[in-house]
Amino acid sequence: MSYDLEQENKEILARYKDLISNTYRTLDEENNKLIRKAFDIALDAHKEQRRKTGEPYIYHPIAVAKIVATEIGLGATSIACALLHDVIEDSDYTYDDLKKIFGKKIADIVNGLTKISIMNHQNISVQSENYRKLLLTLSEDFRVILIKIADRLHNMRTLESMAPDKQKKIASETVYIYAPMAHRLGLYNIKSELEDLSLKYNNPEVFNEITEKLELAKENREKYIEEFKTEVSEQLKEEGLNFTIKGRAKAISSIYRKMLKQGVSFEEVFDNYAIRIIYKSDAKNEKFLAWKIYSIVTDVYHTNPSRMRDWITQPRSTGYESLHLTVLGPDKKWIEVQIRSERMDEIAEKGVAAHYKYKEGYKQSSDDRNFEKWVTEIRDVLEQQQNLSTSELLDNIKLNLYSKEVFVFTPKGEIKILPTNATALDFAFAVHSDLGMKCLGAKINGKLVPISYTLQNGDQIDILSSQNQKPKSDWLEFVVTSKAKSKIKSYLNSQKNQLVEEGKETLQRKLRHAKINFNDEEINKLQKFFNLKSSQELFLKFQNNELDASSLRKYIESKNVFNNLLSRFRKSPAKNTLYEEPKEKNLDMIVFGKDEEKLNYSYAKCCTVIPGDKIFGFITISDGIKVHSDNCPNAINLRAQYDYRVIPAKWVNAESFQNRIKIEIEGLDRMGMINDITTVISGAMGMDMKSMSIESNDGIFNGTINLEVKNRSQLEETFKKLKDINGISRIRRI
């Protein structure tokens, strides 16, 4: 391709000027020089590179730097690092070069970003190590993960140029790793956008449907917000308040989660947008003005007390502060109202990075302490759980990412914030690790309770301990915090280390006799084959003879089959020939890979697949190819962790096959309702109804129906006709 280099150079300079003009802070001369120097080095490093779109590669680091500056609000050092974030990986510049030019701090941050940028194209054991590196770099300097989140956000915004299977892999990894990280760092807008973009590529039909419906409802939404402003603004102005009122639609992914959780349609999600009142205030009057605005709003509209959330008196562990209330607004529709100061709004928008601006003149929130505590917990988990699988490690850390919180008190009245469902034992570990290890029980509000007691808001807790108490394996069944889990597991692991070593030596001998190398990759495969949670468990089973030479022979046999399958798809050459549907009957329904090969397969049990669904194949170690729906609850994890074992799959002859599914139906009961339902299913649609179970209670009926379905279009048409029946309020596929 030919490029207009002169025009491109003008565009590069224009984008750089836009970055400088939009930086969050007013940069002094020294900061401007630093950013300019970083830009010049990045421009030189990437001068021969282009993105998949054909654009100059330098567009990407400039865009990442702009996100870092304007959407996260970091300063000159981070902006410079964002410009340089791919330099070590993609050019001849080294860590030492950057250290000489910019100093150790910037070189370390760029090096941290380089470590976690190699997560793609790796087998599972290396990928596991890279996930650890990602989390370790967070605990070294959280700017690394903030810049990495900005990098991922821009990649997600420009994902159209990638192949569909690559889009799904990156989207799955994003929602699996980066969205929870953004949430925990208080970057709620970025977290929502990452989730929305992931949904766009993982489930485009749902994304497009909700997007269209939000657009159609936009005019009514804006009209509603204007009515709210008119009714509230006058009273706020009378009190001399300086404020703005704005409305926003909720995130598409958030609306979709509510639809799934509540089993309702888009139209039935009543709070798919919110109103925000943002006021100016000094530090002294900030809380007073929030409650004053609350009082004015609740004088105008009825409020729902059960949906009141006070994040000002007790901020979230992310530092988030705001008053949330749900009121019966104009047209008697429920709507969420958020009340916050400009400072609170900035922290809500930019998270942990924003609060540094407010250290002077404001009472320090819990943001610093809680963030540092969380980072310390991550460091503890990483140091003490070296033998955990990647998924276990991530699950432990993610326990504290999305969890809601409970506020409790020590005997001296100090507040502790723990995840909802935390127990007395979690509290003991939160106070001190040694106290948790020796915990016997607790007194809650003066009453003796077991260590498994689930904490409630406002509980005052006094832990009882004994020098003779030791952690037990059943403790893991009721603790929920990562700190408690890691400390208990660490102790239990130390007790069985000797047995593990013995089992490890036994396995090494058996593998040596079988002429198989003993390495991390092989251990991972053995662990998955025997369906074990950790390598320790694998070694223990060989130590106690639960697994022996005959077990190993079965693994070797399956390994040969697995390797043959992988080799066929890793480097399968693309062919231009399209699959032509054969005329013969009783052919395989599904073909796999770029060459559209017919292979043996079975359906995964974790999802229900019918012809017409979007699907993919997954090569298992011991059970051949499993076919999953794209909307399978495990699809994101499989693509994020084992993408090299995911293969494209497509339907060939869907019309020739029958598939059984179950639907749930609900509505207002009346005479003839069952007849109307069966008329649609058996009569109009000609479907085979295998069973029906319907119960009626106080005029409301609820039932399940098992159907034989030919394909997705037949199912969708059936749903459409059923919804037209008078009295039916909800239908969904189970």
# chains A, B, ... in the order shown; residues from 1 in each chain; ligands from 1
call {"tool": "residues_around", "arguments": {"residues": "range 163-174 of chain A", "least_positions_apart": "5", "cutoff": "8 Å", "atoms": "only C-alpha atoms", "output": "list in words"}}
result
Arg152, Met156, Ala179, Leu194, Glu195, Leu197, Ser198, Leu199, Tyr201, Asn202, Ala635, Ile636, Asn637, Arg639, Ala640, Gln641, Asp643 and Pro648 of chain A
call {"tool": "residues_around", "arguments": {"residues": "range 439-446 of chain A", "least_positions_apart": "2", "cutoff": "10 Å", "atoms": "only C-alpha atoms", "output": "ChimeraX atom specification"}}
result
/A:409-411,424-425,427-429,433-437,448-453,455-456,458-471
call {"tool": "write_last_selection", "arguments": {"atoms": "N, CA and C atoms", "output": "short mmCIF file (atom, residue, chain, number, x, y, z; two decimals), in the first residue's frame"}}
result
data_model
loop_
_atom_site.label_atom_id
_atom_site.label_comp_id
_atom_site.auth_asym_id
_atom_site.auth_seq_id
_atom_site.Cartn_x
_atom_site.Cartn_y
_atom_site.Cartn_z
N PHE A 409 -17.20 -3.01 63.86
CA PHE A 409 -16.38 -2.25 64.80
C PHE A 409 -15.54 -3.18 65.67
N THR A 410 -14.34 -2.72 66.01
CA THR A 410 -13.50 -3.41 67.00
C THR A 410 -14.02 -3.07 68.39
N PRO A 411 -13.53 -3.75 69.45
CA PRO A 411 -13.98 -3.40 70.82
C PRO A 411 -13.72 -1.93 71.18
N ALA A 424 -16.75 -13.96 61.38
CA ALA A 424 -15.93 -13.53 62.52
C ALA A 424 -14.47 -13.90 62.30
N LEU A 425 -14.23 -15.04 61.67
CA LEU A 425 -12.85 -15.46 61.39
C LEU A 425 -12.18 -14.52 60.39
N PHE A 427 -12.82 -11.39 60.13
CA PHE A 427 -12.53 -10.20 60.93
C PHE A 427 -11.25 -10.40 61.73
N ALA A 428 -11.08 -11.58 62.34
CA ALA A 428 -9.88 -11.86 63.14
C ALA A 428 -8.63 -11.72 62.28
N PHE A 429 -8.66 -12.25 61.07
CA PHE A 429 -7.51 -12.14 60.17
C PHE A 429 -7.30 -10.69 59.73
N SER A 433 -2.93 -11.27 61.48
CA SER A 433 -2.83 -12.67 61.01
C SER A 433 -2.72 -13.65 62.17
N ASP A 434 -1.92 -13.30 63.20
CA ASP A 434 -1.75 -14.20 64.34
C ASP A 434 -3.05 -14.42 65.08
N LEU A 435 -3.87 -13.36 65.18
CA LEU A 435 -5.17 -13.47 65.86
C LEU A 435 -6.08 -14.43 65.09
N GLY A 436 -6.04 -14.34 63.76
CA GLY A 436 -6.83 -15.25 62.95
C GLY A 436 -6.41 -16.70 63.12
N MET A 437 -5.09 -16.94 63.18
CA MET A 437 -4.56 -18.31 63.29
C MET A 437 -4.95 -18.96 64.62
N LEU A 448 -21.77 -14.59 72.73
CA LEU A 448 -20.81 -15.56 72.23
C LEU A 448 -21.33 -16.21 70.94
N VAL A 449 -20.49 -16.20 69.88
CA VAL A 449 -20.87 -16.80 68.59
C VAL A 449 -19.70 -17.62 68.05
N PRO A 450 -19.95 -18.58 67.14
CA PRO A 450 -18.85 -19.35 66.54
C PRO A 450 -18.07 -18.51 65.54
N ILE A 451 -16.89 -19.01 65.16
CA ILE A 451 -16.05 -18.26 64.22
C ILE A 451 -16.67 -18.19 62.83
N SER A 452 -17.67 -19.03 62.55
CA SER A 452 -18.32 -19.02 61.24
C SER A 452 -19.47 -18.00 61.16
N TYR A 453 -19.74 -17.27 62.24
CA TYR A 453 -20.83 -16.29 62.27
C TYR A 453 -20.65 -15.26 61.14
N LEU A 455 -21.01 -11.70 59.57
CA LEU A 455 -21.07 -10.35 60.14
C LEU A 455 -22.20 -9.52 59.53
N GLN A 456 -22.79 -8.68 60.38
CA GLN A 456 -23.84 -7.76 59.96
C GLN A 456 -23.36 -6.33 60.18
N GLY A 458 -22.72 -2.88 61.58
CA GLY A 458 -22.83 -2.33 62.93
C GLY A 458 -22.41 -3.27 64.04
N ASP A 459 -22.08 -4.52 63.72
CA ASP A 459 -21.63 -5.46 64.76
C ASP A 459 -20.35 -4.95 65.43
N GLN A 460 -20.29 -5.11 66.77
CA GLN A 460 -19.05 -4.84 67.50
C GLN A 460 -18.46 -6.20 67.90
N ILE A 461 -17.21 -6.44 67.55
CA ILE A 461 -16.65 -7.80 67.60
C ILE A 461 -15.44 -7.85 68.52
N ASP A 462 -15.47 -8.82 69.42
CA ASP A 462 -14.33 -9.10 70.30
C ASP A 462 -13.91 -10.55 70.05
N ILE A 463 -12.71 -10.75 69.53
CA ILE A 463 -12.24 -12.10 69.16
C ILE A 463 -11.67 -12.82 70.37
N LEU A 464 -12.04 -14.09 70.52
CA LEU A 464 -11.49 -14.95 71.56
C LEU A 464 -10.45 -15.87 70.93
N SER A 465 -9.28 -16.03 71.58
CA SER A 465 -8.20 -16.81 70.97
C SER A 465 -7.53 -17.73 71.99
N SER A 466 -6.75 -18.68 71.47
CA SER A 466 -6.01 -19.61 72.33
C SER A 466 -4.70 -19.99 71.64
N GLN A 467 -3.63 -20.12 72.43
CA GLN A 467 -2.33 -20.51 71.89
C GLN A 467 -2.37 -21.92 71.32
N ASN A 468 -3.32 -22.74 71.78
CA ASN A 468 -3.40 -24.13 71.32
C ASN A 468 -4.21 -24.30 70.03
N GLN A 469 -4.89 -23.24 69.62
CA GLN A 469 -5.72 -23.33 68.41
C GLN A 469 -4.85 -23.29 67.15
N LYS A 470 -5.20 -24.11 66.18
CA LYS A 470 -4.50 -24.15 64.90
C LYS A 470 -5.53 -24.12 63.77
N PRO A 471 -5.18 -23.55 62.62
CA PRO A 471 -6.12 -23.54 61.48
C PRO A 471 -6.50 -24.96 61.05
#
call {"tool": "residues_around", "arguments": {"residues": "range 48-64 of chain A", "least_positions_apart": "5", "cutoff": "6 Å", "atoms": "only C-alpha atoms", "output": "list in words"}}
result
Leu83, Ala150, Asp151 and Ser161 of chain A
call {"tool": "write_last_selection", "arguments": {"atoms": "N, CA and C atoms", "output": "PDB file, in the first residue's frame"}}
result
ATOM      1  N   LEU A  83       3.304   7.144  26.493  1.00  0.00           N
ATOM      2  CA  LEU A  83       3.888   7.332  25.159  1.00  0.00           C
ATOM      3  C   LEU A  83       4.962   6.283  24.868  1.00  0.00           C
ATOM      4  N   ALA A 150      -5.460   1.784  30.409  1.00  0.00           N
ATOM      5  CA  ALA A 150      -5.652   2.749  29.313  1.00  0.00           C
ATOM      6  C   ALA A 150      -5.281   2.123  27.973  1.00  0.00           C
ATOM      7  N   ASP A 151      -4.194   1.358  27.957  1.00  0.00           N
ATOM      8  CA  ASP A 151      -3.755   0.650  26.752  1.00  0.00           C
ATOM      9  C   ASP A 151      -4.836  -0.320  26.285  1.00  0.00           C
ATOM     10  N   SER A 161     -10.614  -4.029  13.512  1.00  0.00           N
ATOM     11  CA  SER A 161      -9.706  -4.510  12.468  1.00  0.00           C
ATOM     12  C   SER A 161      -9.189  -5.923  12.728  1.00  0.00           C
TER      13      SER A 161
END
call {"tool": "residues_around", "arguments": {"residues": "range 689-695 of chain A", "least_positions_apart": "5", "cutoff": "7 Å", "atoms": "only C-alpha atoms", "output": "PDB file with N, CA, C and O atoms, in the first residue's frame"}}
result
ATOM      1  N   SER A 682     -47.922 -26.324  19.272  1.00  0.00           N
ATOM      2  CA  SER A 682     -48.169 -27.530  18.481  1.00  0.00           C
ATOM      3  C   SER A 682     -48.844 -27.225  17.146  1.00  0.00           C
ATOM      4  O   SER A 682     -48.574 -27.885  16.139  1.00  0.00           O
ATOM      5  N   PHE A 701     -49.771 -17.464  36.975  1.00  0.00           N
ATOM      6  CA  PHE A 701     -49.305 -18.808  36.636  1.00  0.00           C
ATOM      7  C   PHE A 701     -47.820 -18.780  36.282  1.00  0.00           C
ATOM      8  O   PHE A 701     -47.292 -17.784  35.787  1.00  0.00           O
ATOM      9  N   ASN A 702     -47.142 -19.897  36.575  1.00  0.00           N
ATOM     10  CA  ASN A 702     -45.729 -20.055  36.248  1.00  0.00           C
ATOM     11  C   ASN A 702     -45.520 -21.489  35.807  1.00  0.00           C
ATOM     12  O   ASN A 702     -46.019 -22.410  36.446  1.00  0.00           O
ATOM     13  N   GLY A 703     -44.810 -21.691  34.712  1.00  0.00           N
ATOM     14  CA  GLY A 703     -44.629 -23.058  34.232  1.00  0.00           C
ATOM     15  C   GLY A 703     -43.384 -23.238  33.407  1.00  0.00           C
ATOM     16  O   GLY A 703     -42.726 -22.273  33.006  1.00  0.00           O
ATOM     17  N   THR A 704     -43.038 -24.504  33.180  1.00  0.00           N
ATOM     18  CA  THR A 704     -41.915 -24.851  32.315  1.00  0.00           C
ATOM     19  C   THR A 704     -42.411 -25.819  31.245  1.00  0.00           C
ATOM     20  O   THR A 704     -43.286 -26.653  31.498  1.00  0.00           O
ATOM     21  N   ILE A 705     -41.842 -25.687  30.040  1.00  0.00           N
ATOM     22  CA  ILE A 705     -42.232 -26.530  28.915  1.00  0.00           C
ATOM     23  C   ILE A 705     -40.969 -27.055  28.247  1.00  0.00           C
ATOM     24  O   ILE A 705     -40.043 -26.283  27.960  1.00  0.00           O
ATOM     25  N   ASN A 706     -40.915 -28.371  28.004  1.00  0.00           N
ATOM     26  CA  ASN A 706     -39.818 -28.983  27.258  1.00  0.00           C
ATOM     27  C   ASN A 706     -40.225 -29.131  25.801  1.00  0.00           C
ATOM     28  O   ASN A 706     -41.277 -29.715  25.499  1.00  0.00           O
ATOM     29  N   LEU A 707     -39.393 -28.592  24.900  1.00  0.00           N
ATOM     30  CA  LEU A 707     -39.724 -28.570  23.478  1.00  0.00           C
ATOM     31  C   LEU A 707     -38.631 -29.223  22.644  1.00  0.00           C
ATOM     32  O   LEU A 707     -37.456 -29.184  23.014  1.00  0.00           O
ATOM     33  N   GLU A 708     -39.016 -29.778  21.489  1.00  0.00           N
ATOM     34  CA  GLU A 708     -38.058 -30.191  20.466  1.00  0.00           C
ATOM     35  C   GLU A 708     -37.980 -29.058  19.442  1.00  0.00           C
ATOM     36  O   GLU A 708     -38.973 -28.728  18.791  1.00  0.00           O
TER      37      GLU A 708
END
call {"tool": "atom_distance", "arguments": {"atom1": "CA of Lys33 in chain A", "atom2": "CA of Ala80 in chain A"}}
result
10.1 Å
